[in-house]
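Pasting work.txt here (compact mmCIF, C-alpha atoms):
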# COMPACT_ATOMS: atom_id res chain seq x y z
CA MET B 1 0.00 0.00 0.00
CA ARG B 2 2.77 2.44 0.96
CA SER B 3 4.82 1.75 -2.17
CA ALA B 4 1.70 2.06 -4.32
CA THR B 5 0.96 5.46 -2.75
CA VAL B 6 4.52 6.65 -3.34
CA LEU B 7 4.39 5.54 -6.97
CA ALA B 8 1.00 7.18 -7.51
CA THR B 9 2.25 10.40 -5.93
CA GLY B 10 5.28 10.41 -8.23
CA VAL B 11 3.05 9.98 -11.27
CA ALA B 12 0.63 12.68 -10.12
CA VAL B 13 3.35 15.20 -9.24
CA THR B 14 5.31 14.68 -12.46
CA THR B 15 2.21 14.86 -14.63
CA GLY B 16 0.83 17.82 -12.72
CA TYR B 17 4.00 19.86 -12.98
CA LEU B 18 4.46 19.24 -16.72
CA VAL B 19 0.82 19.99 -17.49
CA GLY B 20 0.92 23.08 -15.30
CA SER B 21 4.04 24.28 -17.10
CA VAL B 22 2.26 24.67 -20.44
CA PRO B 23 2.29 28.49 -20.88
CA VAL B 24 -1.25 28.92 -22.16
CA ALA B 25 -1.34 32.71 -21.76
CA VAL B 26 1.96 33.11 -23.60
CA LEU B 27 0.83 30.84 -26.44
CA VAL B 28 -2.51 32.62 -26.82
CA GLY B 29 -0.88 36.04 -26.59
CA ARG B 30 1.65 35.10 -29.26
CA ARG B 31 -1.19 34.58 -31.74
CA HIS B 32 -2.17 38.21 -31.22
CA ASN B 33 1.33 39.75 -31.04
CA LEU B 34 1.17 40.07 -27.26
CA ASP B 35 3.63 38.81 -24.69
CA PRO B 36 1.83 39.04 -21.32
CA ARG B 37 5.18 38.73 -19.55
CA THR B 38 6.12 42.21 -20.75
CA ALA B 39 2.66 43.84 -20.99
CA GLY B 40 0.65 45.38 -18.17
CA ASP B 41 1.91 44.03 -14.85
CA ALA B 42 3.90 41.31 -16.67
CA ASN B 43 1.76 38.49 -15.26
CA PRO B 44 1.16 35.72 -17.83
CA GLY B 45 -2.35 34.96 -16.69
CA TYR B 46 -5.94 35.28 -17.78
CA TRP B 47 -6.72 38.72 -16.40
CA ASN B 48 -3.69 40.40 -17.91
CA VAL B 49 -4.49 38.88 -21.31
CA ARG B 50 -8.15 39.86 -20.94
CA LEU B 51 -7.23 43.47 -20.26
CA HIS B 52 -5.19 43.66 -23.45
CA LEU B 53 -7.13 41.40 -25.82
CA GLY B 54 -10.67 41.35 -24.43
CA ALA B 55 -12.72 38.57 -22.88
CA ARG B 56 -13.36 36.62 -26.10
CA ARG B 57 -9.73 36.31 -27.13
CA ALA B 58 -8.67 35.60 -23.56
CA ALA B 59 -11.24 32.83 -23.10
CA PRO B 60 -8.80 30.06 -24.18
CA VAL B 61 -6.45 31.20 -21.40
CA PHE B 62 -9.24 30.86 -18.85
CA ALA B 63 -10.18 27.42 -20.14
CA GLY B 64 -6.60 26.23 -20.46
CA ASP B 65 -5.50 27.31 -17.01
CA VAL B 66 -8.56 25.69 -15.41
CA ALA B 67 -7.94 22.53 -17.45
CA LYS B 68 -4.43 22.23 -16.00
CA GLY B 69 -5.88 21.78 -12.53
CA VAL B 70 -8.64 19.47 -13.74
CA VAL B 71 -6.17 17.16 -15.52
CA ALA B 72 -3.78 17.11 -12.56
CA GLY B 73 -6.61 16.40 -10.13
CA LEU B 74 -8.03 13.59 -12.24
CA VAL B 75 -4.64 11.93 -12.69
CA GLY B 76 -4.04 12.09 -8.95
CA VAL B 77 -7.46 10.73 -8.04
CA LEU B 78 -7.33 7.92 -10.60
CA ALA B 79 -3.75 6.92 -9.78
CA ALA B 80 -4.23 6.89 -6.00
CA PRO B 81 -4.82 3.65 -4.08
CA ALA B 82 -8.03 3.47 -2.07
CA GLY B 83 -8.03 5.97 0.77
CA ALA B 84 -4.94 7.87 -0.38
CA TRP B 85 -6.81 11.09 -1.10
CA GLY B 86 -3.68 13.19 -0.60
CA VAL B 87 -2.30 12.04 -3.95
CA GLY B 88 -4.82 14.19 -5.77
CA TYR B 89 -3.82 17.23 -3.73
CA ALA B 90 -0.15 16.57 -4.49
CA GLY B 91 -0.93 16.48 -8.21
CA VAL B 92 -2.89 19.72 -8.13
CA GLY B 93 -0.19 21.38 -6.05
CA ALA B 94 2.41 20.33 -8.61
CA ALA B 95 0.27 21.79 -11.41
CA MET B 96 0.05 25.07 -9.52
CA VAL B 97 3.82 25.12 -9.06
CA GLY B 98 4.20 24.39 -12.77
CA HIS B 99 1.87 27.24 -13.65
CA ALA B 100 3.74 29.63 -11.35
CA TRP B 101 7.24 28.46 -12.32
CA PRO B 102 6.85 26.74 -15.73
CA VAL B 103 9.79 24.75 -17.07
CA PHE B 104 8.58 25.45 -20.62
CA ALA B 105 8.57 29.24 -20.21
CA GLY B 106 11.72 30.18 -18.35
CA PHE B 107 10.10 29.68 -14.93
CA ARG B 108 8.12 32.92 -15.38
CA GLY B 109 4.49 32.06 -14.74
CA GLY B 110 1.22 33.29 -13.31
CA ARG B 111 -0.49 33.19 -9.93
CA SER B 112 -2.15 29.73 -10.25
CA ILE B 113 -5.65 30.79 -9.14
CA LEU B 114 -7.48 29.22 -12.08
CA THR B 115 -5.36 26.08 -11.90
CA TRP B 116 -6.24 25.86 -8.21
CA ALA B 117 -9.92 26.31 -9.03
CA GLY B 118 -9.95 23.57 -11.66
CA GLY B 119 -8.09 21.12 -9.45
CA THR B 120 -10.08 21.69 -6.29
CA CYS B 121 -13.36 21.25 -8.17
CA VAL B 122 -12.16 17.72 -8.99
CA LEU B 123 -10.97 17.06 -5.45
CA SER B 124 -14.10 18.44 -3.75
CA PRO B 125 -16.95 18.50 -6.30
CA LEU B 126 -19.69 19.72 -3.94
CA ALA B 127 -17.70 22.65 -2.58
CA GLY B 128 -16.55 23.35 -6.12
CA ALA B 129 -20.08 23.36 -7.52
CA LEU B 130 -21.34 25.76 -4.86
CA SER B 131 -18.36 28.07 -5.28
CA VAL B 132 -18.65 28.07 -9.07
CA GLY B 133 -22.36 28.81 -8.74
CA LEU B 134 -21.60 31.80 -6.52
CA PHE B 135 -18.95 33.02 -8.93
CA ALA B 136 -21.28 32.64 -11.92
CA ALA B 137 -24.13 34.50 -10.22
CA VAL B 138 -21.95 37.47 -9.27
CA ALA B 139 -20.11 37.48 -12.60
CA ALA B 140 -23.43 37.46 -14.48
CA ALA B 141 -24.27 40.68 -12.67
CA GLY B 142 -21.21 42.25 -14.25
CA ARG B 143 -18.82 41.82 -11.32
CA PHE B 144 -16.45 39.17 -12.62
CA ALA B 145 -13.56 39.89 -10.26
CA TRP B 146 -15.78 40.06 -7.17
CA GLY B 147 -17.37 36.77 -8.21
CA ALA B 148 -13.92 35.19 -8.45
CA ARG B 149 -12.94 36.48 -5.03
CA LEU B 150 -16.15 35.28 -3.37
CA GLY B 151 -15.83 31.88 -5.03
CA VAL B 152 -12.29 31.44 -3.74
CA VAL B 153 -13.23 32.48 -0.20
CA ALA B 154 -16.39 30.33 -0.16
CA PHE B 155 -14.66 27.12 -1.24
CA PRO B 156 -12.77 26.26 1.98
CA VAL B 157 -15.73 27.34 4.13
CA VAL B 158 -18.09 24.98 2.31
CA GLN B 159 -15.47 22.23 2.25
CA LEU B 160 -14.96 22.49 6.01
CA LEU B 161 -18.70 22.02 6.55
CA VAL B 162 -19.07 19.02 4.26
CA GLU B 163 -15.68 17.26 4.45
CA GLY B 164 -14.12 18.27 7.75
CA PRO B 165 -10.78 19.81 8.69
CA HIS B 166 -8.22 17.46 7.13
CA ARG B 167 -9.05 18.00 3.47
CA THR B 168 -9.76 21.66 4.16
CA ALA B 169 -6.25 21.97 5.59
CA ALA B 170 -4.89 20.40 2.40
CA THR B 171 -6.81 23.00 0.41
CA GLY B 172 -5.23 25.67 2.60
CA ALA B 173 -1.80 24.28 1.73
CA LEU B 174 -2.64 24.65 -1.96
CA MET B 175 -3.82 28.21 -1.40
CA SER B 176 -0.50 29.00 0.28
CA ILE B 177 1.19 28.46 -3.11
CA ILE B 178 -0.92 31.31 -4.45
CA GLY B 179 0.10 33.45 -1.48
CA VAL B 180 3.79 32.76 -2.05
CA ARG B 181 3.47 33.63 -5.73
CA PHE B 182 1.71 36.92 -4.94
CA ALA B 183 4.35 37.78 -2.33
CA LEU B 184 7.19 37.15 -4.76
CA ALA B 185 5.42 39.17 -7.45
CA GLY B 186 5.05 42.07 -5.03
CA ARG B 187 8.74 41.96 -4.20
CA THR B 188 9.62 41.92 -7.89
CA SER B 189 7.36 44.92 -8.52
CA ARG B 190 9.00 46.90 -5.71
CA ALA B 191 12.43 46.08 -7.12
CA GLU B 192 11.30 47.24 -10.55
CA VAL B 193 10.02 50.51 -9.12
CA GLY B 194 13.34 51.06 -7.39
CA ARG B 195 15.25 50.34 -10.59
CA THR B 196 13.19 52.37 -13.04
CA GLY B 197 11.19 54.78 -10.87
CA ARG B 198 8.00 53.66 -12.64
CA THR B 199 5.15 51.74 -11.08
CA PRO B 200 3.94 48.79 -13.22
CA ARG B 201 0.27 49.02 -14.20
CA ARG B 202 -1.67 46.71 -11.90
CA GLU B 203 -4.08 44.15 -13.26
CA GLY B 204 -7.64 45.30 -13.17
CA ARG B 205 -6.66 48.98 -13.25
CA GLU B 206 -7.77 49.92 -16.73
CA ARG B 207 -6.90 53.17 -18.32
CA PRO B 208 -9.76 55.08 -19.95
CA GLY B 209 -10.54 53.59 -23.31
CA SER B 210 -8.38 50.48 -22.82
CA GLY B 211 -9.33 46.87 -22.15
CA PRO B 212 -12.81 45.32 -22.27
CA ARG B 213 -15.70 47.48 -21.26
CA GLY B 214 -17.86 46.74 -18.26
CA THR B 215 -15.22 45.08 -16.12
CA ASP B 216 -14.34 45.83 -12.56
CA GLY B 217 -11.12 45.51 -10.60
CA GLY B 218 -9.36 42.33 -11.58
CA THR B 219 -7.65 39.47 -9.88
CA SER B 220 -4.44 37.89 -11.10
CA THR B 221 -4.44 34.34 -12.35
Now, as a test, write the supplied structure out as structure tokens.
Amino acid sequence: MRSATVLATGVAVTTGYLVGSVPVAVLVGRRHNLDPRTAGDANPGYWNVRLHLGARRAAPVFAGDVAKGVVAGLVGVLAAPAGAWGVGYAGVGAAMVGHAWPVFAGFRGGRSILTWAGGTCVLSPLAGALSVGLFAAVAAAGRFAWGARLGVVAFPVVQLLVEGPHRTAATGALMSIIGVRFALAGRTSRAEVGRTGRTPRREGRERPGSGPRGTDGGTST
């Protein structure tokens, strides 16, 4: 049982990291002469691409980044021996690390929020469904970013109620990867300001006449 769990974890982590490393935002941006690593706040994620190309052209980034987590979660769940639920979390965590530090894109990646969302919906379908429903309802009212924030916050709360503390703690560990990535991005931004004297344009802060209309303050992905 132990050796089977170790083997399954190795498969899930390796697959998750490689899948997560696919630089979807960079590939989509390249089709439209945009490199999200040098545009806006230099974050190669959905929101930065959306601000520059609009929601329709950025939709493949949204779908692709979510799919990374879904694939990693499914591989982990299917590879795990009975009762070894942590394997799925290891796979999703590896996909998030791959998205944040992708081997296929010079280790310059995004914040892993959408990859987290896709993976956790596989690992905890009920909490995922309720959180996605909350996100969709708020986003349909024209508040996409607020819907995303509420969905992220609601997920661990619902999971704690329906699955207990152990899996919720594992979800917290995954969320800490997002926190680390945001902290490192903030440090990089401060260093850039010190070097150039210019403040990078933050995601979700649209200049008049730029980006898609009808959006509110964004959240990095």
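Between atom CA of Val77 of chain B and atom CA of Arg181 of chain B the interatomic distance comes to 25.5 Å.
Between Arg108 of chain B and the residues B:Val71, B:Val49, B:Ala42, B:Met175, the shortest atom-to-atom distance, using all atoms listed in the file, involves B:Ala42.
Using all atoms listed in the file, the protein and nucleic acid residues lying no more than 10 Å from Tyr89 of chain B, apart from those fewer than 6 places from it along its own chain, are Thr9, Ala12, Val13, Ala72, Gly73, Gly76, Val77, Ala95, Gly119, Thr120, Val122, Leu123, Arg167, Ala170, Thr171, Ala173 and Leu174 of chain B.
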**Request:** Compile the contact shell of Val158 of chain B as a list in words: residues with an atom at most 10 Å away, counting all atoms listed in the file, same-chain residues fewer than 6 positions apart removed.
**Result:** Ser124, Leu126, Ala127, Gly128, Leu130, Ser131, Gly164 and Thr168 of chain B
Find the residues near Ala59 of chain B: any atom within 12 Å, counting only C-alpha atoms, skip ones fewer than 6 places away on the same chain, and give them as a compact mmCIF listing (two decimals) with C-alpha atoms, in the coordinates of the input.
# COMPACT_ATOMS: atom_id res chain seq x y z
CA VAL B 24 -1.25 28.92 -22.16
CA ALA B 25 -1.34 32.71 -21.76
CA VAL B 28 -2.51 32.62 -26.82
CA GLY B 29 -0.88 36.04 -26.59
CA GLY B 45 -2.35 34.96 -16.69
CA TYR B 46 -5.94 35.28 -17.78
CA TRP B 47 -6.72 38.72 -16.40
CA ASN B 48 -3.69 40.40 -17.91
CA VAL B 49 -4.49 38.88 -21.31
CA ARG B 50 -8.15 39.86 -20.94
CA LEU B 51 -7.23 43.47 -20.26
CA LEU B 53 -7.13 41.40 -25.82
CA ASP B 65 -5.50 27.31 -17.01
CA VAL B 66 -8.56 25.69 -15.41
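Between Pro60 of chain B and the residues B:Leu134, B:Ala8, B:Ala39, B:Val26, the shortest atom-to-atom distance, using only C-alpha atoms, involves B:Val26.
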Could you list as a PDB file with C-alpha atoms, in the frame of the given file every residue that has an atom within 10 Å of (7.3, 31.5, -8.7), using the file's coordinates and counting all atoms listed in the file?
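Contents of result-v1.pdb, as written:
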ATOM      1  CA  MET B  96       0.050  25.070  -9.520  1.00  0.00           C
ATOM      2  CA  VAL B  97       3.820  25.120  -9.060  1.00  0.00           C
ATOM      3  CA  GLY B  98       4.200  24.390 -12.770  1.00  0.00           C
ATOM      4  CA  HIS B  99       1.870  27.240 -13.650  1.00  0.00           C
ATOM      5  CA  ALA B 100       3.740  29.630 -11.350  1.00  0.00           C
ATOM      6  CA  TRP B 101       7.240  28.460 -12.320  1.00  0.00           C
ATOM      7  CA  PRO B 102       6.850  26.740 -15.730  1.00  0.00           C
ATOM      8  CA  PHE B 107      10.100  29.680 -14.930  1.00  0.00           C
ATOM      9  CA  ARG B 108       8.120  32.920 -15.380  1.00  0.00           C
ATOM     10  CA  GLY B 109       4.490  32.060 -14.740  1.00  0.00           C
ATOM     11  CA  GLY B 110       1.220  33.290 -13.310  1.00  0.00           C
ATOM     12  CA  ARG B 111      -0.490  33.190  -9.930  1.00  0.00           C
ATOM     13  CA  SER B 112      -2.150  29.730 -10.250  1.00  0.00           C
ATOM     14  CA  ILE B 177       1.190  28.460  -3.110  1.00  0.00           C
ATOM     15  CA  ILE B 178      -0.920  31.310  -4.450  1.00  0.00           C
ATOM     16  CA  VAL B 180       3.790  32.760  -2.050  1.00  0.00           C
ATOM     17  CA  ARG B 181       3.470  33.630  -5.730  1.00  0.00           C
ATOM     18  CA  PHE B 182       1.710  36.920  -4.940  1.00  0.00           C
ATOM     19  CA  ALA B 183       4.350  37.780  -2.330  1.00  0.00           C
ATOM     20  CA  LEU B 184       7.190  37.150  -4.760  1.00  0.00           C
ATOM     21  CA  ALA B 185       5.420  39.170  -7.450  1.00  0.00           C
TER      22      ALA B 185
END
**Request:** Quick one: everything within 8 Å of Leu18 of chain B, counting all atoms listed in the file, minus sequence neighbours fewer than 2 positions away in the same chain. Send it as number ranges by chain.
**Result:** B: 14-16, 20-22, 95, 98, 102-103
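Compared by their closest atoms to Ala90 of chain B, and using all atoms listed in the file, the residues B:Ala139, B:Leu74, B:Ala105, B:Leu150 rank with B:Leu74 nearest.
Of the listed residues B:Ala129, B:Pro44, B:Gly10, B:Val138, the one whose atoms come nearest to Val75 of chain B is B:Gly10, with distances taken using all atoms listed in the file.
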**Message:** Using all atoms listed in the file, can you tell me which of B:Phe62, B:Tyr17, B:Phe155, B:Trp85 comes closest to Phe135 of chain B?
**Reply:** B:Phe155
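The space between atom CA of Ala136 of chain B and atom CA of Pro156 of chain B spans 17.5 Å.
Atom CA of Trp116 of chain B lies 19.7 Å from atom CA of Ala84 of chain B.
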